[in-house]
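Colleague: Dropping in upload-v8.cif, which is mmCIF, C-alpha atoms:
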```cif
data_coords
#
loop_
_atom_site.label_atom_id
_atom_site.label_comp_id
_atom_site.auth_asym_id
_atom_site.auth_seq_id
_atom_site.Cartn_x
_atom_site.Cartn_y
_atom_site.Cartn_z
CA MET J 10 20.65 -12.65 -48.97
CA ALA J 11 19.25 -16.14 -48.46
CA ARG J 12 22.48 -17.13 -46.77
CA ARG J 13 22.49 -14.12 -44.48
CA SER J 14 18.89 -14.79 -43.52
CA ALA J 15 19.68 -18.43 -42.70
CA ARG J 16 22.51 -17.24 -40.45
CA ALA J 17 20.18 -14.72 -38.75
CA GLU J 18 17.63 -17.47 -38.19
CA GLN J 19 20.25 -19.69 -36.63
CA VAL J 20 21.37 -16.90 -34.29
CA SER J 21 17.78 -16.26 -33.34
CA ALA J 22 17.18 -19.97 -32.61
CA THR J 23 20.35 -20.12 -30.51
CA ARG J 24 19.34 -17.06 -28.50
CA GLU J 25 15.88 -18.51 -27.95
CA ALA J 26 17.34 -21.84 -26.77
CA ILE J 27 19.60 -20.00 -24.34
CA LEU J 28 16.73 -17.92 -22.93
CA THR J 29 14.56 -21.03 -22.50
CA ALA J 30 17.36 -22.88 -20.70
CA ALA J 31 18.25 -19.86 -18.55
CA GLU J 32 14.67 -19.20 -17.46
CA ARG J 33 14.17 -22.82 -16.44
CA LEU J 34 17.52 -23.26 -14.67
CA PHE J 35 17.20 -19.92 -12.86
CA ALA J 36 13.68 -20.75 -11.66
CA GLU J 37 14.59 -24.27 -10.55
CA HIS J 38 18.03 -23.71 -9.02
CA GLY J 39 18.43 -19.96 -8.46
CA VAL J 40 19.86 -17.19 -10.63
CA TYR J 41 23.23 -17.23 -8.86
CA ALA J 42 23.44 -20.98 -8.37
CA VAL J 43 23.54 -21.44 -12.17
CA SER J 44 26.62 -20.54 -14.24
CA ASN J 45 26.64 -19.20 -17.80
CA ARG J 46 28.45 -22.41 -18.69
CA GLN J 47 25.58 -24.54 -17.33
CA VAL J 48 23.08 -22.44 -19.30
CA SER J 49 25.12 -22.90 -22.50
CA GLU J 50 25.24 -26.65 -21.95
CA ALA J 51 21.53 -26.96 -21.17
CA ALA J 52 20.79 -24.96 -24.33
CA GLY J 53 22.68 -27.58 -26.33
CA GLN J 54 25.51 -25.24 -27.26
CA GLY J 55 28.80 -26.97 -27.94
CA ASN J 56 30.55 -23.71 -27.16
CA ASN J 57 30.44 -23.06 -23.41
CA ALA J 58 30.93 -19.35 -24.01
CA ALA J 59 27.69 -19.09 -26.04
CA VAL J 60 25.86 -17.18 -23.29
CA GLY J 61 28.62 -14.59 -23.01
CA TYR J 62 28.80 -14.24 -26.79
CA HIS J 63 25.06 -13.78 -27.29
CA PHE J 64 24.07 -11.93 -24.10
CA GLY J 65 27.09 -10.59 -22.23
CA THR J 66 27.04 -10.67 -18.42
CA LYS J 67 24.72 -12.49 -16.04
CA ALA J 68 22.80 -9.22 -15.53
CA ASP J 69 22.36 -8.82 -19.31
CA LEU J 70 21.05 -12.37 -19.55
CA VAL J 71 18.64 -11.76 -16.65
CA ARG J 72 17.34 -8.65 -18.40
CA ALA J 73 16.81 -10.58 -21.64
CA VAL J 74 14.86 -13.32 -19.81
CA ALA J 75 12.79 -10.70 -17.96
CA ARG J 76 11.99 -9.00 -21.27
CA ARG J 77 11.13 -12.25 -22.97
CA HIS J 78 7.46 -12.44 -22.04
CA ALA J 79 6.93 -8.69 -21.85
CA GLU J 80 5.57 -8.27 -25.37
CA ALA J 81 2.96 -11.02 -25.01
CA ILE J 82 1.79 -9.64 -21.64
CA GLU J 83 1.69 -6.13 -23.12
CA THR J 84 -0.58 -7.31 -25.95
CA LEU J 85 -2.93 -9.07 -23.50
CA ARG J 86 -3.02 -5.93 -21.32
CA GLU J 87 -3.82 -3.66 -24.28
CA ARG J 88 -6.75 -5.93 -25.10
CA ALA J 89 -7.91 -5.88 -21.47
CA LEU J 90 -7.72 -2.06 -21.40
CA GLU J 91 -9.80 -1.89 -24.54
CA ALA J 92 -12.39 -4.26 -23.06
CA ALA J 93 -12.54 -2.18 -19.85
CA GLY J 94 -13.34 0.89 -21.99
CA ASP J 95 -14.32 3.76 -19.69
CA SER J 96 -15.51 1.57 -16.83
CA THR J 97 -15.80 3.18 -13.40
CA ASP J 98 -15.69 -0.20 -11.63
CA VAL J 99 -12.45 -0.68 -9.66
CA ARG J 100 -12.67 -4.41 -10.34
CA ASP J 101 -12.39 -3.94 -14.11
CA TRP J 102 -9.09 -2.07 -13.75
CA VAL J 103 -7.76 -4.50 -11.17
CA ASP J 104 -8.47 -7.23 -13.74
CA CYS J 105 -6.30 -5.26 -16.19
CA LEU J 106 -3.44 -5.60 -13.71
CA VAL J 107 -3.93 -9.26 -12.83
CA ARG J 108 -5.34 -11.12 -15.82
CA PRO J 109 -2.72 -10.36 -18.49
CA VAL J 110 -0.16 -12.03 -16.22
CA THR J 111 -2.22 -15.09 -15.30
CA GLU J 112 -3.56 -15.50 -18.86
CA HIS J 113 -0.03 -15.44 -20.23
CA LEU J 114 1.14 -18.02 -17.67
CA ALA J 115 -1.89 -20.21 -18.42
CA GLY J 116 -1.13 -19.96 -22.15
CA LEU J 117 2.44 -21.21 -21.68
CA GLY J 118 1.21 -24.62 -20.50
CA SER J 119 2.59 -26.39 -17.43
CA PRO J 120 5.09 -26.10 -15.87
CA THR J 121 6.08 -22.47 -16.26
CA TRP J 122 9.19 -20.87 -14.83
CA TYR J 123 8.74 -17.17 -15.51
CA ALA J 124 6.91 -16.13 -12.32
CA ARG J 125 9.47 -17.79 -10.05
CA PHE J 126 12.28 -16.21 -12.05
CA CYS J 127 10.68 -12.74 -11.69
CA ALA J 128 10.12 -13.17 -7.93
CA GLN J 129 13.78 -14.10 -7.42
CA VAL J 130 15.04 -11.17 -9.45
CA MET J 131 12.74 -8.80 -7.58
CA THR J 132 14.19 -9.80 -4.19
CA ASP J 133 17.82 -9.93 -5.31
CA PRO J 134 19.80 -6.87 -4.21
CA ALA J 135 21.93 -6.75 -7.36
CA LEU J 136 19.17 -7.52 -9.89
CA HIS J 137 16.17 -5.79 -8.30
CA GLU J 138 16.62 -2.64 -10.37
CA ILE J 139 16.40 -4.59 -13.64
CA MET J 140 12.93 -5.83 -12.74
CA VAL J 141 11.72 -2.39 -11.69
CA GLU J 142 13.01 -0.81 -14.92
CA GLU J 143 11.50 -3.52 -17.10
CA SER J 144 8.06 -3.27 -15.51
CA MET J 145 8.05 0.54 -15.69
CA ALA J 146 8.81 0.24 -19.41
CA SER J 147 5.27 -1.05 -20.07
CA PRO J 148 2.92 1.66 -21.39
CA ALA J 149 -0.14 -0.60 -20.93
CA LEU J 150 0.69 -1.15 -17.26
CA ARG J 151 1.04 2.60 -16.72
CA ARG J 152 -2.31 3.19 -18.44
CA ALA J 153 -3.98 0.52 -16.27
CA ILE J 154 -2.62 2.14 -13.10
CA GLU J 155 -3.71 5.62 -14.23
CA ALA J 156 -7.20 4.35 -15.02
CA LEU J 157 -7.38 2.61 -11.64
CA ASN J 158 -6.29 5.79 -9.87
CA ARG J 159 -9.11 7.69 -11.56
CA VAL J 160 -11.81 5.35 -10.25
CA LEU J 161 -10.42 4.75 -6.76
CA PRO J 162 -11.99 6.69 -3.91
CA GLU J 163 -10.06 9.63 -2.45
CA LEU J 164 -7.07 8.30 -0.49
CA PRO J 165 -4.18 10.07 1.26
CA PRO J 166 -1.18 10.04 -1.12
CA GLU J 167 0.94 7.85 1.18
CA VAL J 168 -1.86 5.27 1.36
CA ARG J 169 -2.23 5.27 -2.43
CA ALA J 170 1.53 4.81 -2.81
CA GLU J 171 1.82 2.00 -0.26
CA ARG J 172 -1.20 0.12 -1.61
CA GLY J 173 0.13 0.41 -5.17
CA GLN J 174 3.35 -1.20 -4.02
CA MET J 175 1.49 -3.91 -2.09
CA VAL J 176 -0.59 -4.79 -5.15
CA ARG J 177 2.54 -5.16 -7.34
CA LEU J 178 4.15 -7.41 -4.71
CA LEU J 179 0.96 -9.42 -4.27
CA ILE J 180 0.50 -10.18 -7.98
CA LEU J 181 4.16 -11.10 -8.49
CA HIS J 182 4.66 -13.31 -5.45
CA THR J 183 1.21 -14.96 -5.48
CA CYS J 184 1.79 -16.03 -9.10
CA ALA J 185 5.29 -17.27 -8.23
CA GLU J 186 4.00 -19.33 -5.27
CA ARG J 187 1.26 -20.85 -7.41
CA GLU J 188 3.75 -21.65 -10.16
CA ARG J 189 6.03 -23.33 -7.63
CA ALA J 190 3.19 -25.41 -6.22
CA LEU J 191 2.11 -26.48 -9.73
CA ALA J 192 5.68 -27.43 -10.66
CA GLU J 193 6.16 -29.40 -7.43
CA GLY J 194 2.75 -31.03 -7.58
CA THR J 195 1.70 -29.65 -4.17
CA PRO J 196 -1.95 -28.61 -3.66
CA THR J 197 -3.06 -25.12 -4.74
CA PRO J 198 -6.16 -23.32 -3.41
CA ARG J 199 -7.49 -22.91 -6.99
CA SER J 200 -7.42 -25.38 -9.83
CA THR J 201 -6.89 -22.96 -12.75
CA TRP J 202 -4.97 -19.74 -13.37
CA ALA J 203 -8.30 -18.08 -14.24
CA ASP J 204 -9.76 -19.00 -10.84
CA ALA J 205 -6.56 -17.90 -9.11
CA ALA J 206 -6.82 -14.58 -10.96
CA GLY J 207 -10.39 -14.17 -9.71
CA GLY J 208 -9.33 -14.80 -6.11
CA LEU J 209 -6.39 -12.44 -6.45
CA ALA J 210 -8.53 -9.68 -7.98
CA ASP J 211 -11.18 -10.03 -5.23
CA ALA J 212 -8.46 -9.62 -2.60
CA ILE J 213 -6.86 -6.66 -4.36
CA VAL J 214 -10.19 -4.83 -4.67
CA GLY J 215 -10.67 -5.33 -0.92
CA LEU J 216 -7.16 -4.10 -0.23
CA TRP J 217 -7.60 -0.95 -2.37
CA LEU J 218 -11.00 -0.11 -0.88
CA ALA J 219 -10.07 -0.83 2.75
CA PRO J 220 -10.92 1.95 5.24
CA VAL J 221 -7.90 3.99 6.27
CA GLY J 222 -6.75 4.07 9.89
CA HIS J 223 -9.71 2.02 11.08
CA GLY J 224 -8.04 0.74 14.19
CA ALA J 225 -4.90 2.87 14.51
CA HIS J 226 -3.23 2.03 17.82
CA MET O 23 34.91 -24.37 34.97
CA ALA O 24 35.82 -20.67 34.61
CA ARG O 25 38.09 -21.55 31.73
CA ARG O 26 35.47 -23.62 29.98
CA SER O 27 32.95 -20.83 30.36
CA ALA O 28 35.37 -18.28 28.85
CA ARG O 29 35.84 -20.62 25.89
CA ALA O 30 32.07 -21.01 25.53
CA GLU O 31 31.68 -17.23 25.60
CA GLN O 32 34.30 -16.84 22.91
CA VAL O 33 32.54 -19.39 20.70
CA SER O 34 29.25 -17.64 21.26
CA ALA O 35 30.77 -14.25 20.32
CA THR O 36 32.34 -15.74 17.18
CA ARG O 37 29.03 -17.29 16.12
CA GLU O 38 27.23 -14.01 16.73
CA ALA O 39 29.82 -12.08 14.67
CA ILE O 40 29.43 -14.56 11.82
CA LEU O 41 25.62 -14.32 11.88
CA THR O 42 25.76 -10.50 11.89
CA ALA O 43 28.18 -10.44 8.95
CA ALA O 44 26.22 -13.09 7.03
CA GLU O 45 22.86 -11.35 7.45
CA ARG O 46 24.28 -8.05 6.24
CA LEU O 47 26.27 -9.45 3.30
CA PHE O 48 23.38 -11.68 2.20
CA ALA O 49 20.92 -8.76 2.31
CA GLU O 50 23.24 -6.37 0.48
CA HIS O 51 24.77 -8.67 -2.13
CA GLY O 52 22.62 -11.80 -2.31
CA VAL O 53 22.80 -15.13 -0.50
CA TYR O 54 24.55 -16.87 -3.39
CA ALA O 55 26.76 -13.95 -4.40
CA VAL O 56 28.51 -14.16 -1.02
CA SER O 57 30.95 -16.98 -0.16
CA ASN O 58 31.49 -18.52 3.27
CA ARG O 59 35.04 -17.18 3.00
CA GLN O 60 33.75 -13.60 2.57
CA VAL O 61 31.47 -14.05 5.58
CA SER O 62 34.38 -15.32 7.69
CA GLU O 63 36.51 -12.33 6.66
CA ALA O 64 33.76 -9.78 7.29
CA ALA O 65 33.22 -11.35 10.72
CA GLY O 66 36.88 -10.66 11.51
CA GLN O 67 37.82 -14.34 11.60
CA GLY O 68 41.46 -14.99 10.77
CA ASN O 69 40.45 -18.51 9.81
CA ASN O 70 38.56 -18.49 6.50
CA ALA O 71 36.95 -21.80 7.36
CA ALA O 72 35.24 -20.33 10.46
CA VAL O 73 31.77 -20.40 8.87
CA GLY O 74 32.10 -24.03 7.92
CA TYR O 75 33.43 -24.94 11.36
CA HIS O 76 30.68 -23.14 13.29
CA PHE O 77 27.69 -23.60 10.97
CA GLY O 78 28.35 -26.21 8.29
CA THR O 79 26.93 -25.62 4.82
CA LYS O 80 25.48 -22.45 3.27
CA ALA O 81 21.99 -23.85 3.94
CA ASP O 82 22.84 -24.41 7.63
CA LEU O 83 24.12 -20.84 7.88
CA VAL O 84 20.97 -19.50 6.20
CA ARG O 85 18.82 -21.42 8.69
CA ALA O 86 20.81 -20.00 11.63
CA VAL O 87 20.38 -16.43 10.31
CA ALA O 88 16.66 -17.03 9.73
CA ARG O 89 16.31 -18.34 13.30
CA ARG O 90 18.29 -15.47 14.77
CA HIS O 91 15.43 -13.01 15.25
CA ALA O 92 12.74 -15.64 15.76
CA GLU O 93 12.84 -15.65 19.56
CA ALA O 94 12.49 -11.86 19.85
CA ILE O 95 9.58 -11.82 17.38
CA GLU O 96 7.96 -14.74 19.22
CA THR O 97 8.11 -12.82 22.52
CA LEU O 98 6.57 -9.71 20.93
CA ARG O 99 3.82 -11.85 19.38
CA GLU O 100 3.02 -13.57 22.68
CA ARG O 101 2.58 -10.13 24.25
CA ALA O 102 0.37 -9.02 21.35
CA LEU O 103 -1.79 -12.15 21.72
CA GLU O 104 -2.20 -11.46 25.41
CA ALA O 105 -3.17 -7.84 24.71
CA ALA O 106 -5.73 -8.98 22.09
CA GLY O 107 -7.31 -11.22 24.75
CA ASP O 108 -10.57 -12.61 23.39
CA SER O 109 -11.20 -9.79 20.92
CA THR O 110 -13.64 -10.43 18.09
CA ASP O 111 -12.21 -7.59 15.97
CA VAL O 112 -10.37 -8.87 12.90
CA ARG O 113 -8.04 -5.87 13.13
CA ASP O 114 -6.70 -6.91 16.54
CA TRP O 115 -5.62 -10.31 15.21
CA VAL O 116 -4.19 -8.83 12.02
CA ASP O 117 -2.11 -6.58 14.29
CA CYS O 118 -0.82 -9.76 15.99
CA LEU O 119 0.48 -10.88 12.59
CA VAL O 120 1.99 -7.56 11.48
CA ARG O 121 3.21 -5.64 14.53
CA PRO O 122 5.62 -8.15 16.10
CA VAL O 123 7.58 -8.06 12.82
CA THR O 124 7.59 -4.27 12.37
CA GLU O 125 8.23 -3.62 16.07
CA HIS O 126 11.21 -5.95 16.01
CA LEU O 127 12.63 -4.26 12.90
CA ALA O 128 12.06 -0.82 14.44
CA GLY O 129 13.84 -1.95 17.61
CA LEU O 130 16.94 -3.02 15.67
CA GLY O 131 17.67 0.56 14.59
CA SER O 132 18.53 1.54 11.03
CA PRO O 133 19.56 0.04 8.70
CA THR O 134 18.27 -3.49 9.16
CA TRP O 135 18.99 -6.43 6.87
CA TYR O 136 16.71 -9.18 8.16
CA ALA O 137 13.61 -8.49 6.05
CA ARG O 138 15.56 -8.40 2.78
CA PHE O 139 17.35 -11.58 3.78
CA CYS O 140 14.02 -13.34 4.49
CA ALA O 141 12.47 -12.17 1.20
CA GLN O 142 15.43 -13.54 -0.76
CA VAL O 143 15.35 -16.89 1.02
CA MET O 144 11.58 -17.15 0.46
CA THR O 145 11.95 -16.78 -3.32
CA ASP O 146 15.04 -18.98 -3.66
CA PRO O 147 14.20 -22.44 -5.01
CA ALA O 148 16.82 -24.22 -2.90
CA LEU O 149 16.28 -22.31 0.35
CA HIS O 150 12.51 -21.66 0.26
CA GLU O 151 11.73 -24.71 2.37
CA ILE O 152 13.97 -23.45 5.22
CA MET O 153 11.89 -20.28 5.53
CA VAL O 154 8.59 -22.16 5.47
CA GLU O 155 9.78 -24.61 8.14
CA GLU O 156 11.15 -21.85 10.37
CA SER O 157 7.94 -19.79 10.22
CA MET O 158 5.75 -22.84 10.90
CA ALA O 159 7.85 -23.55 13.99
CA SER O 160 6.35 -20.50 15.76
CA PRO O 161 3.55 -21.43 18.21
CA ALA O 162 2.54 -17.75 18.63
CA LEU O 163 2.10 -17.33 14.87
CA ARG O 164 -0.08 -20.44 14.75
CA ARG O 165 -2.18 -19.14 17.66
CA ALA O 166 -2.60 -15.75 15.95
CA ILE O 167 -3.77 -17.43 12.72
CA GLU O 168 -6.19 -19.69 14.63
CA ALA O 169 -7.63 -16.69 16.50
CA LEU O 170 -7.98 -14.77 13.25
CA ASN O 171 -9.76 -17.71 11.61
CA ARG O 172 -12.28 -17.77 14.49
CA VAL O 173 -13.29 -14.13 13.99
CA LEU O 174 -13.24 -14.02 10.18
CA PRO O 175 -16.56 -14.26 8.39
CA GLU O 176 -17.49 -17.54 6.73
CA LEU O 177 -15.30 -18.02 3.63
CA PRO O 178 -14.97 -20.92 1.18
CA PRO O 179 -11.92 -22.98 2.24
CA GLU O 180 -9.98 -22.21 -0.96
CA VAL O 181 -10.51 -18.47 -0.40
CA ARG O 182 -9.35 -18.75 3.21
CA ALA O 183 -6.25 -20.66 2.09
CA GLU O 184 -5.33 -18.28 -0.74
CA ARG O 185 -5.86 -15.17 1.40
CA GLY O 186 -3.76 -16.64 4.20
CA GLN O 187 -0.93 -17.14 1.73
CA MET O 188 -1.37 -13.63 0.30
CA VAL O 189 -1.17 -12.10 3.78
CA ARG O 190 2.08 -13.94 4.55
CA LEU O 191 3.60 -12.79 1.25
CA LEU O 192 2.36 -9.23 1.77
CA ILE O 193 3.87 -8.83 5.26
CA LEU O 194 7.20 -10.35 4.23
CA HIS O 195 7.74 -8.49 0.96
CA THR O 196 6.28 -5.14 2.07
CA CYS O 197 8.68 -5.11 5.04
CA ALA O 198 11.58 -6.09 2.76
CA GLU O 199 10.78 -3.31 0.26
CA ARG O 200 10.54 -0.75 3.04
CA GLU O 201 13.81 -1.95 4.55
CA ARG O 202 15.50 -1.66 1.15
CA ALA O 203 14.18 1.89 0.64
CA LEU O 204 15.37 2.91 4.14
CA ALA O 205 18.83 1.43 3.53
CA GLU O 206 19.13 3.11 0.13
CA GLY O 207 17.72 6.43 1.35
CA THR O 208 14.87 6.39 -1.21
CA PRO O 209 11.47 7.80 -0.18
CA THR O 210 9.02 5.55 1.69
CA PRO O 211 5.25 6.15 1.86
CA ARG O 212 5.39 6.15 5.69
CA SER O 213 7.98 7.69 7.96
CA THR O 214 8.00 5.08 10.75
CA TRP O 215 7.68 1.31 11.02
CA ALA O 216 4.66 1.86 13.28
CA ASP O 217 2.89 3.90 10.58
CA ALA O 218 3.87 1.36 7.94
CA ALA O 219 2.40 -1.37 10.17
CA GLY O 220 -0.84 0.59 10.41
CA GLY O 221 -1.07 0.93 6.61
CA LEU O 222 -0.26 -2.75 6.14
CA ALA O 223 -2.84 -3.86 8.72
CA ASP O 224 -5.55 -1.64 7.13
CA ALA O 225 -4.85 -3.24 3.75
CA ILE O 226 -4.81 -6.77 5.16
CA VAL O 227 -8.15 -6.28 6.93
CA GLY O 228 -9.61 -5.10 3.60
CA LEU O 229 -8.10 -8.09 1.82
CA TRP O 230 -9.49 -10.60 4.36
CA LEU O 231 -12.96 -9.06 4.37
CA ALA O 232 -13.22 -8.55 0.59
CA PRO O 233 -16.41 -9.91 -1.00
CA VAL O 234 -15.88 -13.21 -2.83
CA GLY O 235 -16.48 -13.48 -6.56
CA HIS O 236 -17.80 -9.94 -6.81
CA GLY O 237 -17.00 -9.50 -10.45
CA ALA O 238 -16.13 -12.99 -11.68
CA HIS O 239 -15.70 -12.87 -15.44
#
```
Show how you would write the structure in this file as structure tokens.
Modeller:
Amino acid sequence: MARRSARAEQVSATREAILTAAERLFAEHGVYAVSNRQVSEAAGQGNNAAVGYHFGTKADLVRAVARRHAEAIETLRERALEAAGDSTDVRDWVDCLVRPVTEHLAGLGSPTWYARFCAQVMTDPALHEIMVEESMASPALRRAIEALNRVLPELPPEVRAERGQMVRLLILHTCAERERALAEGTPTPRSTWADAAGGLADAIVGLWLAPVGHGAH
Amino acid sequence: MARRSARAEQVSATREAILTAAERLFAEHGVYAVSNRQVSEAAGQGNNAAVGYHFGTKADLVRAVARRHAEAIETLRERALEAAGDSTDVRDWVDCLVRPVTEHLAGLGSPTWYARFCAQVMTDPALHEIMVEESMASPALRRAIEALNRVLPELPPEVRAERGQMVRLLILHTCAERERALAEGTPTPRSTWADAAGGLADAIVGLWLAPVGHGAH
């Protein structure tokens, strides 16, 4: 038993090293610019086929990296939902969308790679679906969106749908741009992830509550 | 002279065929998943080195595709600026940001590939800078942003900067998502690019005019 457990621990450490290397290399050089062989090497694996052995194809590896932070973000979002209680303030539910992501990124220390990785996967024609599936797999995210929909003013269904999509894109790509700027040492409008979250939530509340068809041409 | 001109025309047609093939293949399969050889073949070039000969590296080709629609969008934006005149309505200047893009995409017929291509390049670590440089090279875009800044209410500089970035991301990625849905035949919230532009502009006006620090936690 002790021997089997030691082997399991070793496998787990190898998988973790591969995911860490993949996330970083993908974010810094591009998901398709990096080979499984390069990931194996960067993860300190003598065997260049380690990625294939532990994860399968490039798409399988991408899914594993995407899933990697999901549990931590889910836990933060459950806590945020609990704190929001039965609030009727749109802002509280927008915070449940934004803050679990920014708090998780802040908690990882600097630099992070996850947001840039997610933004790339989201815009990639072959990998896009993975990201959509993974984000829809979060019960806490669905609960946050349902709660938000309950407190939003009446909106035509197409407006609700398009704004929901805009908000998802805005959170993802704004975090990725901030992460890139932090990694490259270029100036960012806000000094902390918490302040960036505040600015993002302000903007999203404005977007959700915007009058419809104000100046239709 | 006539002979030289025929040769120039042939070169121009070859370059155009390569750009058309590259834009489509990049949008449908990913910029890095597609080789210069595949682009040459799809462009009907017997010589597999045609891309290299006419455009150089992958990055050079990406820049040429990115630049391809710039002139048409610039012309539409100049017209929009003229129509907006000296308006003090935020919506009119937001329209100058949004509509030249959606009108150009609408004018290309369906499907289009350009928006998905741009979204990919924007999130790619190696190619990102190309997209930023190309969009900053537009005088009409700069004039639209300056005009918008004149009519916006007083905002702290960091809020103005972060909202400007959010608006750029929102226009780019919302158009790319809509283009993807149209190409794949999945439902879209709005039936036309003009309606989508209206929904996007409504949301952007709300985002720009959102109260600052409403619910800071």
Colleague: With a distance cut-off of 7 Å and all atoms listed in the file, select the neighbouring residues of Ala153 (chain J), excluding the residue or stretch itself and same-chain residues fewer than 2 positions from it, and output the selection as number ranges by chain.
Modeller: J: 90, 102, 105-106, 149-151, 155-157
Colleague: Residues of chain J within 6 Å of chain O, counting only C-alpha atoms, what are they? List them as a list in words.
Modeller: Glu37, His38, Gly39, Tyr41, Gln129, Thr132, Asp133, Pro134, Glu167, Glu171, Pro198, Ala212, Gly215, Leu216 and Ala219 of chain J
Colleague: Starting from the shown file, work through the PyMOL selection byres ((chain O and resi 128) around 12) and note down what comes out as a list of chain:residue names.
Modeller: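 Here the PyMOL selection byres ((chain O and resi 128) around 12) matches O:Ile95, O:Arg121, O:Pro122, O:Val123, O:Thr124, O:Glu125, O:His126, O:Leu127, O:Gly129, O:Leu130, O:Gly131, O:Ser132, O:Pro133, O:Thr134, O:Trp135, O:Tyr136, O:Ala137, O:Cys197, O:Arg200, O:Glu201, O:Leu204, O:Ser213, O:Thr214, O:Trp215, O:Ala216, O:Asp217, O:Ala218, O:Ala219.
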Colleague: Using all atoms listed in the file, determine which residues lie at most 9 Å from Ala73 (chain J), disregarding the query and same-chain residues fewer than 5 positions distant; provide the list as an NGL selection string.
Modeller: :J and (28 or 64 or 68)
Colleague: Quick one: pull the distance between CA of Val33 (chain O) and CA of Ala64 (chain O), Å, one decimal.
Modeller: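 Separation between CA of Val33 (chain O) and CA of Ala64 (chain O): 16.5 Å.
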Colleague: Could you jot down the CA of Ser14 (chain J) to CA of His63 (chain J) separation for me, Å, one decimal place?
Modeller: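 Rounded to one decimal, the two atoms are 17.4 Å apart.
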Colleague: Between CA of Asn158 (chain J) and CA of Gly173 (chain J), what distance in Å does the model show, to one decimal?
Modeller: 9.6 Å
Colleague: How would you write, as a PyMOL selection string, the residues chosen by the PyMOL selection byres ((chain J and resi 46) around 12) on this structure?
Modeller: chain J and resi 27+30-31+34+42-45+47-62+66-67
Colleague: Restricting the calculation to all atoms listed in the file: of O:Ala28, O:Arg99, O:Arg46, O:Arg90, which residue gets closest to Arg165 (chain O)?
Modeller: O:Arg99
